[in-house]
Amino acid sequence: MIDENKMDLNYQEIADAFKNAGISGSPVAVKFAKTEDGIPDGVEEITDVARHCKMVTMARTEGSILFARADKHQCMGGAWALGLKELTPSLKSGEFYFKLGKFASWSGCMRTIDSVPHVHPPGGEEVSTYATVYAPLENTPFDPHVVIIMAQPLAMLKIAQAVLYKTGGRINTSMSGIQSVCADTCAYPYMSGEVNFSLGCDGSRKFSGIADDLMVMGIPAELIQDVADALPVVMGAAGSKK
């Protein structure tokens, strides 16, 4: 897995295609910087600590362009999912989510955490990311690894159809109702090379201002051009709900 995608894409046109499909705010470009050299010139680090989902919201709704090293990530679960920090003992054991009342047993929590997608190199080390970088896609000064989309279900339907436009088949979604913006729609697409849809989670909606009627999805950057090209086709198809 390399740090730079080096893609020659018109991000403004791609962002416009998603916006024309009715998404909420801007698509968000996310990059996993493996070293300090991976941070684009001119991009400033966020001043205060914040959650990954909050930084995504800042890029999506406010146009913010920023990066955050591990010490700027407020959510331990999110920082672990993104490869910035080691998993804490309370998360690993299941204690954390059990105390939140999300599962009937610690073992259920443990099995869930064990299956949560997270960024890790082939060697298995948990800490592999130097910093995460964010920007609205139309203004991104870097090539992203993942693009995060938030939209209502009908817009997500059109995007799902655009994903399948070339090859057909089915989309297999992986989610568990926790860590939606970090694990489900950022780490999973990055590690798998596949799109992923999520219903969101309590934390991202409570702390990051994500509206209750929005779903979340992540698209590997390698696929965004094909999906953007297919969107106007599926939206204009005879059988498409107008």
# chains A, B, ... in the order shown; residues from 1 in each chain; ligands from 1
>>> select_by_dssp(residues="range 89-228 of chain A", states="strand (DSSP E or B)", output="number ranges by chain")
A: 131-136, 146-151, 196-198, 215-220
>>> residues_around(residues="Ser180 in chain A", least_positions_apart="2", cutoff="7 Å", atoms="only C-alpha atoms", output="list of chain:residue names")
A:Gly177, A:Ile178, A:Cys182, A:Ala183, A:Asp184, A:Thr185, A:Ser198, A:Gly200, A:Cys201
>>> atom_distance(atom1="CA of Tyr130 in chain A", atom2="CA of Gly218 in chain A")
20.7 Å
>>> residues_around(residues="range 95-103 of chain A", least_positions_apart="6", cutoff="10 Å", atoms="only C-alpha atoms", output="ChimeraX atom specification")
/A:77,88-89,109-110,112-113,177-178
>>> residues_around(residues="range 163-176 of chain A", least_positions_apart="4", cutoff="10 Å", atoms="only C-alpha atoms", output="ChimeraX atom specification")
/A:112-113,115-117,157-159,180,183-185,188,194-201,217,219,223-224,226-231,233-234
>>> closest_residue(among="A:Val216, A:Ala131, A:Ala238, A:Ala160", to="Ile39 in chain A", atoms="only C-alpha atoms")
A:Ala131
>>> residues_around(residues="Asn20 in chain A", least_positions_apart="2", cutoff="12 Å", atoms="only C-alpha atoms", output="VMD selection string")
chain A and resid 13 to 18 22 to 27 151 155 158 to 159 228 to 229 231 to 232 235 to 236
>>> write_last_selection(atoms="all heavy atoms", output="compact mmCIF listing (two decimals), in the first residue's frame")
# COMPACT_ATOMS: atom_id res chain seq x y z
N GLU A 13 -15.09 18.46 -10.87
CA GLU A 13 -16.14 17.81 -11.66
C GLU A 13 -16.70 16.59 -10.93
O GLU A 13 -17.92 16.34 -10.98
CB GLU A 13 -15.59 17.42 -13.03
CG GLU A 13 -15.31 18.60 -13.95
CD GLU A 13 -14.84 18.15 -15.32
OE1 GLU A 13 -14.67 16.92 -15.53
OE2 GLU A 13 -14.64 19.03 -16.19
N ILE A 14 -15.84 15.84 -10.29
CA ILE A 14 -16.31 14.65 -9.56
C ILE A 14 -17.20 15.07 -8.40
O ILE A 14 -18.28 14.50 -8.17
CB ILE A 14 -15.11 13.82 -9.07
CG1 ILE A 14 -14.36 13.22 -10.26
CG2 ILE A 14 -15.57 12.72 -8.12
CD1 ILE A 14 -13.06 12.55 -9.90
N ALA A 15 -16.77 16.11 -7.65
CA ALA A 15 -17.59 16.60 -6.54
C ALA A 15 -18.93 17.09 -7.03
O ALA A 15 -19.98 16.85 -6.40
CB ALA A 15 -16.84 17.71 -5.80
N ASP A 16 -18.95 17.78 -8.17
CA ASP A 16 -20.21 18.29 -8.73
C ASP A 16 -21.16 17.15 -9.06
O ASP A 16 -22.38 17.27 -8.87
CB ASP A 16 -19.94 19.13 -9.98
CG ASP A 16 -19.33 20.50 -9.65
OD1 ASP A 16 -19.39 20.91 -8.47
OD2 ASP A 16 -18.78 21.13 -10.58
N ALA A 17 -20.63 16.05 -9.57
CA ALA A 17 -21.48 14.91 -9.91
C ALA A 17 -22.18 14.36 -8.67
O ALA A 17 -23.37 14.03 -8.70
CB ALA A 17 -20.65 13.81 -10.58
N PHE A 18 -21.46 14.28 -7.57
CA PHE A 18 -22.07 13.81 -6.32
C PHE A 18 -23.06 14.83 -5.77
O PHE A 18 -24.14 14.46 -5.28
CB PHE A 18 -21.00 13.49 -5.29
CG PHE A 18 -20.27 12.20 -5.55
CD1 PHE A 18 -18.99 12.19 -6.09
CD2 PHE A 18 -20.88 10.99 -5.26
CE1 PHE A 18 -18.33 11.01 -6.33
CE2 PHE A 18 -20.22 9.79 -5.50
CZ PHE A 18 -18.94 9.80 -6.05
N GLY A 22 -27.56 14.90 -5.06
CA GLY A 22 -28.31 15.26 -3.87
C GLY A 22 -27.65 14.95 -2.54
O GLY A 22 -28.34 14.82 -1.53
N ILE A 23 -26.32 14.83 -2.51
CA ILE A 23 -25.67 14.53 -1.24
C ILE A 23 -25.72 15.75 -0.33
O ILE A 23 -26.04 16.86 -0.76
CB ILE A 23 -24.22 14.06 -1.44
CG1 ILE A 23 -23.32 15.22 -1.86
CG2 ILE A 23 -24.14 12.91 -2.43
CD1 ILE A 23 -21.84 14.91 -1.81
N SER A 24 -25.39 15.55 0.93
CA SER A 24 -25.39 16.63 1.92
C SER A 24 -23.99 17.22 2.02
O SER A 24 -23.04 16.55 2.40
CB SER A 24 -25.84 16.10 3.28
OG SER A 24 -25.71 17.09 4.28
N GLY A 25 -23.86 18.50 1.66
CA GLY A 25 -22.55 19.14 1.73
C GLY A 25 -21.61 18.63 0.66
O GLY A 25 -22.03 18.16 -0.40
N SER A 26 -20.32 18.69 0.94
CA SER A 26 -19.30 18.27 -0.01
C SER A 26 -18.88 16.83 0.24
O SER A 26 -18.90 16.37 1.39
CB SER A 26 -18.06 19.16 0.11
OG SER A 26 -18.33 20.49 -0.26
N PRO A 27 -18.45 16.13 -0.81
CA PRO A 27 -17.71 14.88 -0.57
C PRO A 27 -16.42 15.24 0.16
O PRO A 27 -15.85 16.31 -0.09
CB PRO A 27 -17.42 14.34 -1.98
CG PRO A 27 -18.27 15.16 -2.91
CD PRO A 27 -18.51 16.47 -2.24
N ALA A 151 -25.47 11.41 2.81
CA ALA A 151 -26.65 11.71 1.99
C ALA A 151 -27.86 10.99 2.55
O ALA A 151 -27.75 10.05 3.34
CB ALA A 151 -26.42 11.29 0.54
N ALA A 155 -30.54 9.46 -2.37
CA ALA A 155 -29.26 9.78 -3.02
C ALA A 155 -28.29 8.62 -2.90
O ALA A 155 -27.54 8.31 -3.84
CB ALA A 155 -28.67 11.05 -2.42
N LYS A 158 -28.98 6.06 -5.58
CA LYS A 158 -28.43 6.40 -6.89
C LYS A 158 -26.91 6.13 -6.93
O LYS A 158 -26.39 5.66 -7.94
CB LYS A 158 -28.71 7.88 -7.19
CG LYS A 158 -30.18 8.24 -7.30
CD LYS A 158 -30.86 7.56 -8.47
CE LYS A 158 -31.78 6.46 -8.04
NZ LYS A 158 -32.43 5.75 -9.16
N ILE A 159 -26.23 6.44 -5.82
CA ILE A 159 -24.79 6.18 -5.78
C ILE A 159 -24.52 4.69 -5.81
O ILE A 159 -23.60 4.22 -6.50
CB ILE A 159 -24.16 6.84 -4.53
CG1 ILE A 159 -24.33 8.35 -4.59
CG2 ILE A 159 -22.68 6.48 -4.44
CD1 ILE A 159 -23.90 9.08 -3.34
N ALA A 228 -18.64 8.62 -10.36
CA ALA A 228 -19.10 9.95 -10.77
C ALA A 228 -19.58 9.94 -12.22
O ALA A 228 -20.60 10.57 -12.55
CB ALA A 228 -17.98 10.96 -10.59
N ASP A 229 -18.89 9.23 -13.09
CA ASP A 229 -19.30 9.15 -14.49
C ASP A 229 -20.64 8.44 -14.65
O ASP A 229 -21.44 8.79 -15.54
CB ASP A 229 -18.24 8.40 -15.31
CG ASP A 229 -16.96 9.20 -15.49
OD1 ASP A 229 -16.98 10.41 -15.24
OD2 ASP A 229 -15.94 8.58 -15.86
N LEU A 231 -23.11 8.29 -12.38
CA LEU A 231 -24.23 8.90 -11.67
C LEU A 231 -25.26 9.57 -12.58
O LEU A 231 -26.47 9.29 -12.46
CB LEU A 231 -23.70 9.91 -10.64
CG LEU A 231 -23.45 9.36 -9.25
CD1 LEU A 231 -22.71 10.38 -8.39
CD2 LEU A 231 -24.76 8.97 -8.59
N PRO A 232 -24.87 10.44 -13.52
CA PRO A 232 -25.89 11.05 -14.37
C PRO A 232 -26.60 10.03 -15.25
O PRO A 232 -27.77 10.24 -15.63
CB PRO A 232 -25.11 12.07 -15.21
CG PRO A 232 -23.69 11.65 -15.13
CD PRO A 232 -23.53 10.99 -13.80
N MET A 235 -29.18 8.21 -12.94
CA MET A 235 -30.21 9.17 -12.52
C MET A 235 -31.16 9.51 -13.66
O MET A 235 -32.34 9.80 -13.45
CB MET A 235 -29.55 10.45 -11.98
CG MET A 235 -28.84 10.26 -10.66
SD MET A 235 -27.92 11.72 -10.14
CE MET A 235 -29.25 12.91 -9.97
N GLY A 236 -30.63 9.45 -14.88
CA GLY A 236 -31.46 9.76 -16.05
C GLY A 236 -32.10 8.56 -16.69
O GLY A 236 -32.83 8.69 -17.69
>>> closest_residue(among="A:Gln152, A:Asn139, A:Ser90, A:Ser64", to="Gln12 in chain A", atoms="only C-alpha atoms")
A:Asn139
>>> residues_around(residues="Ala68 in chain A", least_positions_apart="4", cutoff="7 Å", atoms="only C-alpha atoms", output="list in words")
Glu45, Ile46, Lys72, His73, Ala131, Thr132 and Val133 of chain A
>>> select_by_dssp(residues="range 13-165 of chain A", states="alpha helix (DSSP H)", output="VMD selection string")
chain A and resid 13 to 20 52 to 62 76 to 81 89 to 93 95 to 99 106 to 115 153 to 164
>>> closest_residue(among="A:Val181, A:Val146, A:Val28, A:Val119", to="Gly63 in chain A", atoms="only C-alpha atoms")
A:Val28
>>> closest_residue(among="A:Thr35, A:Ser105, A:Gln225, A:Ser208", to="Asn10 in chain A", atoms="only C-alpha atoms")
A:Gln225
>>> residues_around(residues="Leu84 in chain A", least_positions_apart="2", cutoff="8 Å", atoms="only C-alpha atoms", output="PDB file with N, CA and C atoms, in the first residue's frame")
ATOM      1  N   ARG A  69      -2.592  14.876  13.726  1.00  0.00           N
ATOM      2  CA  ARG A  69      -1.785  13.771  14.216  1.00  0.00           C
ATOM      3  C   ARG A  69      -2.514  13.099  15.378  1.00  0.00           C
ATOM      4  N   ALA A  70      -1.922  12.044  15.891  1.00  0.00           N
ATOM      5  CA  ALA A  70      -2.597  11.217  16.890  1.00  0.00           C
ATOM      6  C   ALA A  70      -3.051  12.017  18.104  1.00  0.00           C
ATOM      7  N   ALA A  79      -9.304   6.836  16.587  1.00  0.00           N
ATOM      8  CA  ALA A  79      -7.858   6.909  16.341  1.00  0.00           C
ATOM      9  C   ALA A  79      -7.275   5.527  16.100  1.00  0.00           C
ATOM     10  N   TRP A  80      -7.769   4.530  16.835  1.00  0.00           N
ATOM     11  CA  TRP A  80      -7.317   3.158  16.598  1.00  0.00           C
ATOM     12  C   TRP A  80      -7.754   2.666  15.228  1.00  0.00           C
ATOM     13  N   ALA A  81      -9.011   2.887  14.871  1.00  0.00           N
ATOM     14  CA  ALA A  81      -9.519   2.418  13.579  1.00  0.00           C
ATOM     15  C   ALA A  81      -8.734   3.017  12.417  1.00  0.00           C
ATOM     16  N   LEU A  82      -8.221   4.221  12.601  1.00  0.00           N
ATOM     17  CA  LEU A  82      -7.511   4.919  11.537  1.00  0.00           C
ATOM     18  C   LEU A  82      -6.001   4.659  11.572  1.00  0.00           C
ATOM     19  N   GLU A  86      -2.867   2.690  19.459  1.00  0.00           N
ATOM     20  CA  GLU A  86      -3.154   1.303  19.818  1.00  0.00           C
ATOM     21  C   GLU A  86      -4.524   1.216  20.482  1.00  0.00           C
ATOM     22  N   GLU A 126      -0.493  -2.006  14.975  1.00  0.00           N
ATOM     23  CA  GLU A 126      -1.704  -1.199  15.084  1.00  0.00           C
ATOM     24  C   GLU A 126      -1.465   0.253  14.697  1.00  0.00           C
ATOM     25  N   VAL A 127      -0.281   0.791  15.000  1.00  0.00           N
ATOM     26  CA  VAL A 127       0.010   2.193  14.697  1.00  0.00           C
ATOM     27  C   VAL A 127       0.777   2.262  13.385  1.00  0.00           C
ATOM     28  N   SER A 128       0.124   2.778  12.355  1.00  0.00           N
ATOM     29  CA  SER A 128       0.750   2.824  11.035  1.00  0.00           C
ATOM     30  C   SER A 128       0.473   4.132  10.314  1.00  0.00           C
ATOM     31  N   THR A 129      -0.289   5.027  10.932  1.00  0.00           N
ATOM     32  CA  THR A 129      -0.658   6.302  10.326  1.00  0.00           C
ATOM     33  C   THR A 129      -0.031   7.439  11.110  1.00  0.00           C
ATOM     34  N   TYR A 130       0.643   8.349  10.412  1.00  0.00           N
ATOM     35  CA  TYR A 130       1.244   9.508  11.071  1.00  0.00           C
ATOM     36  C   TYR A 130       0.201  10.590  11.324  1.00  0.00           C
ATOM     37  N   ALA A 131      -0.679  10.806  10.333  1.00  0.00           N
ATOM     38  CA  ALA A 131      -1.706  11.840  10.458  1.00  0.00           C
ATOM     39  C   ALA A 131      -2.806  11.573   9.444  1.00  0.00           C
TER      40      ALA A 131
END
>>> closest_residue(among="A:Ser240, A:Pro144, A:Pro136, A:Val43", to="Thr61 in chain A", atoms="only C-alpha atoms")
A:Pro136
>>> atom_distance(atom1="CA of Asp71 in chain A", atom2="CA of Val49 in chain A")
7.4 Å
